[in-house]
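See below for the structure under consideration.
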Amino acid sequence: MRTPDRISRIAGGRSADLLVALALTAFLLTYLIVQGLLHGANNLLETGCGVGVFCCVIMRRSHPRLAAVVAGSCLALTALGSSAAFPGSLILVPVIFLAYSLGTAADLKRSVLALLILGAGLQLSAGQFNPIVVVLTIGPWAVGLVIRSRRLLTEQLTARGRELEAERTLFATEAVRYERARIARELHDIVAHCVSVMVIQASAGQRLTVTDPSLAAEAFDSIGELARQAETEIGRLVELLGHGSQHGGGHGVRLIGELVTRAGAAGLAVSCRFTGSADGLGDAAADVAYRVVQESLTNAFKHAPGAPVDVIIAGASGHVEIGVVNGSAEDPQSGLELTGAGRGLTGMRERVTACGGEISAGPVASGGWQVLARLPLEPG
């Protein structure tokens, strides 16, 4: 520890009070010995009371009110002494320290009472009313009040700073969690759809290799196309995460037709209808519409093989509705229904809710499944 820091630490603790008390006591005793006044009952009583006042400085931080009351009592007793040469100005030093400590104490009412006792004792020791005594007690006490208010303000600001730091840390943690969930949702939407279609095409190509090589080649070509599509969308995801860019001008809605066409080429009996206008759909909402259809078709591939699927995009006043309905499974399960992390519906709901829309998903009376999303149009 550096010397200035060590000195500052000593001055701000009880060690400094002890040194002050010892110094005042040593000075008083030395002065009285040199003056030849350290004899006689009255002089010894006055000297003992003065030393008692000095010792009260030691406990002014831990017990300021008790120290002030004891010091006031000792000062009152000094009036019984008879040492005319007693250095009365020396007694003002501990009085100033004690009055200041009373101002910094927490209990204001008790501190005022202790201050009155201290001031009364100092007046009695003076032998007559002295207005300077009032100034020397109330002045340091008022300074202590100001210092106490500053300390309270500093403590409050420090506590608030800790709260803000804790909130900042919590917000950063939550932001990281949300970003991880967003990345997982994006990867799920991209990879799950493409992989599901690729598995179906690969199974079909494997069966057609012997019976119809030309159709098998088309199936494998479709797998290559899907792989390139997945690569392109992953590249878009990287760009989105890096720069926060989105599709432009309803691009996601226009891509739904291509998505349906690819799903039909993969063997899904799917139809798509556009009614009304979706031109007022924002960029983020258009991307959500695309992802809702993509996830719904993926689920149809997995859980309802061979079932017909109807996709309806309907623009209405103030919103666009996206409906995807599939029938019950007509072909044997391919095993795809066992894959995935079960995040599809949760991801759709998070996406739709984030852009201010509504979504519902559940079984229909015919035994199939329906997804219905309503996305708001941007104000003109």
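Simple scheme: letters A, B, ... for chains in structure tokens order, numbers from 1 for residues in each chain, numbers from 1 for ligands in the order shown.
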
Contacts of range 97-101 of chain A at 8 Å (only C-alpha atoms; same-chain gap of 3+ positions) as number ranges by chain: A: 57, 60-61, 64, 67-68, 93-94, 104-105, 115, 137-138, 140-144

Writing out the chosen residues with N, CA and C atoms as a PDB file, in the first residue's frame:
```pdb
ATOM      1  N   VAL A  57     -13.384  11.361  22.349  1.00  0.00           N
ATOM      2  CA  VAL A  57     -13.134  11.445  20.906  1.00  0.00           C
ATOM      3  C   VAL A  57     -12.930  10.054  20.314  1.00  0.00           C
ATOM      4  N   ARG A  60     -16.253   8.480  19.234  1.00  0.00           N
ATOM      5  CA  ARG A  60     -17.209   9.377  18.571  1.00  0.00           C
ATOM      6  C   ARG A  60     -17.791   8.764  17.295  1.00  0.00           C
ATOM      7  N   ARG A  61     -17.093   7.844  16.654  1.00  0.00           N
ATOM      8  CA  ARG A  61     -17.601   7.219  15.422  1.00  0.00           C
ATOM      9  C   ARG A  61     -18.574   6.083  15.726  1.00  0.00           C
ATOM     10  N   PRO A  64     -21.556   7.984  18.874  1.00  0.00           N
ATOM     11  CA  PRO A  64     -21.449   9.449  18.934  1.00  0.00           C
ATOM     12  C   PRO A  64     -22.323  10.083  20.013  1.00  0.00           C
ATOM     13  N   ALA A  67     -20.815   9.362  23.475  1.00  0.00           N
ATOM     14  CA  ALA A  67     -19.593  10.152  23.642  1.00  0.00           C
ATOM     15  C   ALA A  67     -19.926  11.609  23.937  1.00  0.00           C
ATOM     16  N   ALA A  68     -20.940  12.164  23.266  1.00  0.00           N
ATOM     17  CA  ALA A  68     -21.315  13.561  23.492  1.00  0.00           C
ATOM     18  C   ALA A  68     -21.902  13.762  24.879  1.00  0.00           C
ATOM     19  N   VAL A  93     -11.465  21.603  20.861  1.00  0.00           N
ATOM     20  CA  VAL A  93     -11.120  20.656  19.783  1.00  0.00           C
ATOM     21  C   VAL A  93     -11.994  19.401  19.850  1.00  0.00           C
ATOM     22  N   PRO A  94     -12.051  18.701  21.002  1.00  0.00           N
ATOM     23  CA  PRO A  94     -12.948  17.529  21.042  1.00  0.00           C
ATOM     24  C   PRO A  94     -14.418  17.901  20.897  1.00  0.00           C
ATOM     25  N   THR A 104     -23.560  13.544  11.798  1.00  0.00           N
ATOM     26  CA  THR A 104     -23.503  12.417  10.867  1.00  0.00           C
ATOM     27  C   THR A 104     -24.246  11.190  11.391  1.00  0.00           C
ATOM     28  N   ALA A 105     -24.737  11.241  12.642  1.00  0.00           N
ATOM     29  CA  ALA A 105     -25.435  10.097  13.216  1.00  0.00           C
ATOM     30  C   ALA A 105     -26.804   9.926  12.555  1.00  0.00           C
ATOM     31  N   LEU A 115     -26.589  16.824  21.540  1.00  0.00           N
ATOM     32  CA  LEU A 115     -25.934  18.102  21.235  1.00  0.00           C
ATOM     33  C   LEU A 115     -26.275  19.149  22.294  1.00  0.00           C
ATOM     34  N   THR A 137     -20.774  24.547  18.516  1.00  0.00           N
ATOM     35  CA  THR A 137     -21.480  23.256  18.587  1.00  0.00           C
ATOM     36  C   THR A 137     -22.435  23.082  17.407  1.00  0.00           C
ATOM     37  N   ILE A 138     -23.232  24.117  17.128  1.00  0.00           N
ATOM     38  CA  ILE A 138     -24.210  23.997  16.044  1.00  0.00           C
ATOM     39  C   ILE A 138     -23.526  23.987  14.673  1.00  0.00           C
ATOM     40  N   PRO A 140     -20.391  22.786  13.559  1.00  0.00           N
ATOM     41  CA  PRO A 140     -19.920  21.458  13.143  1.00  0.00           C
ATOM     42  C   PRO A 140     -21.061  20.443  13.004  1.00  0.00           C
ATOM     43  N   TRP A 141     -22.091  20.576  13.861  1.00  0.00           N
ATOM     44  CA  TRP A 141     -23.233  19.672  13.750  1.00  0.00           C
ATOM     45  C   TRP A 141     -23.946  19.837  12.397  1.00  0.00           C
ATOM     46  N   ALA A 142     -24.120  21.085  11.963  1.00  0.00           N
ATOM     47  CA  ALA A 142     -24.752  21.341  10.663  1.00  0.00           C
ATOM     48  C   ALA A 142     -23.889  20.791   9.521  1.00  0.00           C
ATOM     49  N   VAL A 143     -22.574  20.947   9.654  1.00  0.00           N
ATOM     50  CA  VAL A 143     -21.677  20.382   8.641  1.00  0.00           C
ATOM     51  C   VAL A 143     -21.821  18.861   8.595  1.00  0.00           C
ATOM     52  N   GLY A 144     -21.959  18.233   9.761  1.00  0.00           N
ATOM     53  CA  GLY A 144     -22.155  16.787   9.810  1.00  0.00           C
ATOM     54  C   GLY A 144     -23.448  16.362   9.127  1.00  0.00           C
TER      55      GLY A 144
END
```

Residues within 12 Å of Ala181 in chain A, only C-alpha atoms, excluding chain neighbours under 3 positions, as JSON, numbers by chain: {"A": [174, 175, 176, 177, 178, 184, 185, 186, 187, 188, 343, 346, 347, 350, 351]}

Neighbour list for Gln370 in chain A as JSON, numbers by chain, cut-off 7 Å, only C-alpha atoms, skip fewer than 2 positions in-chain: {"A": [324, 325, 326, 361, 362, 363, 364, 368, 372]}

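Proximity to Thr353 in chain A was assessed for A:Leu259, A:Ala71, A:Val288, A:Leu281 counting only C-alpha atoms; the smallest distance is recorded for A:Val288.
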
Residues of range 51-116 of chain A in alpha helix (DSSP H), written as number ranges by chain: A: 51-56, 64-78, 92-104, 108-116

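Among A:Leu215, A:Ser125, A:Gly161, A:Ile322, the residue with the shortest atom-to-atom distance to Ala286 in chain A, counting only C-alpha atoms, is A:Ile322.
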
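Residue nearest Gly52 in chain A within the list A:Leu122, A:Leu37, A:Leu77, A:Leu377: A:Leu77 [criterion: smallest interatomic distance, only C-alpha atoms].
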
Between CA of His39 in chain A and CA of Leu118 in chain A - distance in Å to one decimal: 27.2 Å

Could the residues of range 121-220 of chain A that have an atom at most 10 Å from range 72-76 of chain A be listed as a tab-separated table, each with its closest atom pair and the distance in Å to one decimal, counting only C-alpha atoms and ordered by chain and ascending residue number?
```
residue	atom	partner	partner_atom	distance
A:Gly121	CA	A:Ala76	CA	4.4
A:Leu122	CA	A:Leu75	CA	5.7
A:Gln123	CA	A:Ala76	CA	8.0
A:Leu124	CA	A:Ala76	CA	5.4
A:Ser125	CA	A:Ala76	CA	5.5
A:Ala126	CA	A:Leu75	CA	9.0
A:Gly127	CA	A:Ala76	CA	9.7
```

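When only C-alpha atoms are used to compute distances to Ile234 in chain A, the closest of the residues A:Met348, A:Gly357, A:Tyr290, A:Ile183 turns out to be A:Ile183.
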
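Here CA of Asp107 in chain A is placed at a distance of 28.6 Å from CA of Leu90 in chain A.
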
Surrounding residues of Ala263 in chain A excluding itself and chain neighbours under 5 positions, 12 Å, only C-alpha atoms, as a PyMOL selection string: chain A and resi 193-194+196-198+200-201+222-223+226+256-258+268-272+293-301+306+308-311

Mind writing the picked residues with C-alpha atoms as a short mmCIF file (atom, residue, chain, number, x, y, z; two decimals), in the first residue's frame?
```
data_model
loop_
_atom_site.label_atom_id
_atom_site.label_comp_id
_atom_site.auth_asym_id
_atom_site.auth_seq_id
_atom_site.Cartn_x
_atom_site.Cartn_y
_atom_site.Cartn_z
CA HIS A 193 -37.68 -28.53 -44.86
CA CYS A 194 -34.86 -29.20 -47.28
CA SER A 196 -37.29 -33.72 -45.33
CA VAL A 197 -37.81 -33.26 -49.06
CA MET A 198 -34.34 -34.65 -49.83
CA ILE A 200 -38.33 -38.35 -49.69
CA GLN A 201 -36.66 -37.75 -53.06
CA SER A 222 -34.15 -32.45 -57.36
CA ILE A 223 -31.99 -33.44 -54.41
CA LEU A 226 -32.66 -28.69 -52.76
CA ILE A 256 -44.29 -19.11 -51.64
CA GLY A 257 -45.30 -20.09 -55.17
CA GLU A 258 -41.83 -21.48 -55.89
CA LEU A 268 -46.58 -33.72 -52.27
CA ALA A 269 -50.14 -33.26 -53.55
CA VAL A 270 -50.23 -29.53 -52.87
CA SER A 271 -52.26 -26.66 -54.31
CA CYS A 272 -51.82 -22.94 -53.76
CA VAL A 293 -45.90 -22.12 -45.26
CA GLN A 294 -42.48 -23.76 -45.34
CA GLU A 295 -42.85 -25.23 -41.85
CA SER A 296 -46.41 -26.37 -42.56
CA LEU A 297 -45.31 -28.19 -45.72
CA THR A 298 -42.43 -29.77 -43.81
CA ASN A 299 -44.84 -31.07 -41.20
CA ALA A 300 -47.10 -32.44 -43.95
CA PHE A 301 -44.10 -34.28 -45.46
CA GLY A 306 -49.57 -38.77 -49.39
CA PRO A 308 -53.41 -33.47 -50.09
CA VAL A 309 -52.34 -30.01 -48.88
CA ASP A 310 -54.10 -26.71 -49.62
CA VAL A 311 -52.24 -23.40 -49.24
#
```

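Relative to CA of Ala106 in chain A, CA of Thr158 in chain A is found at 18.9 Å.
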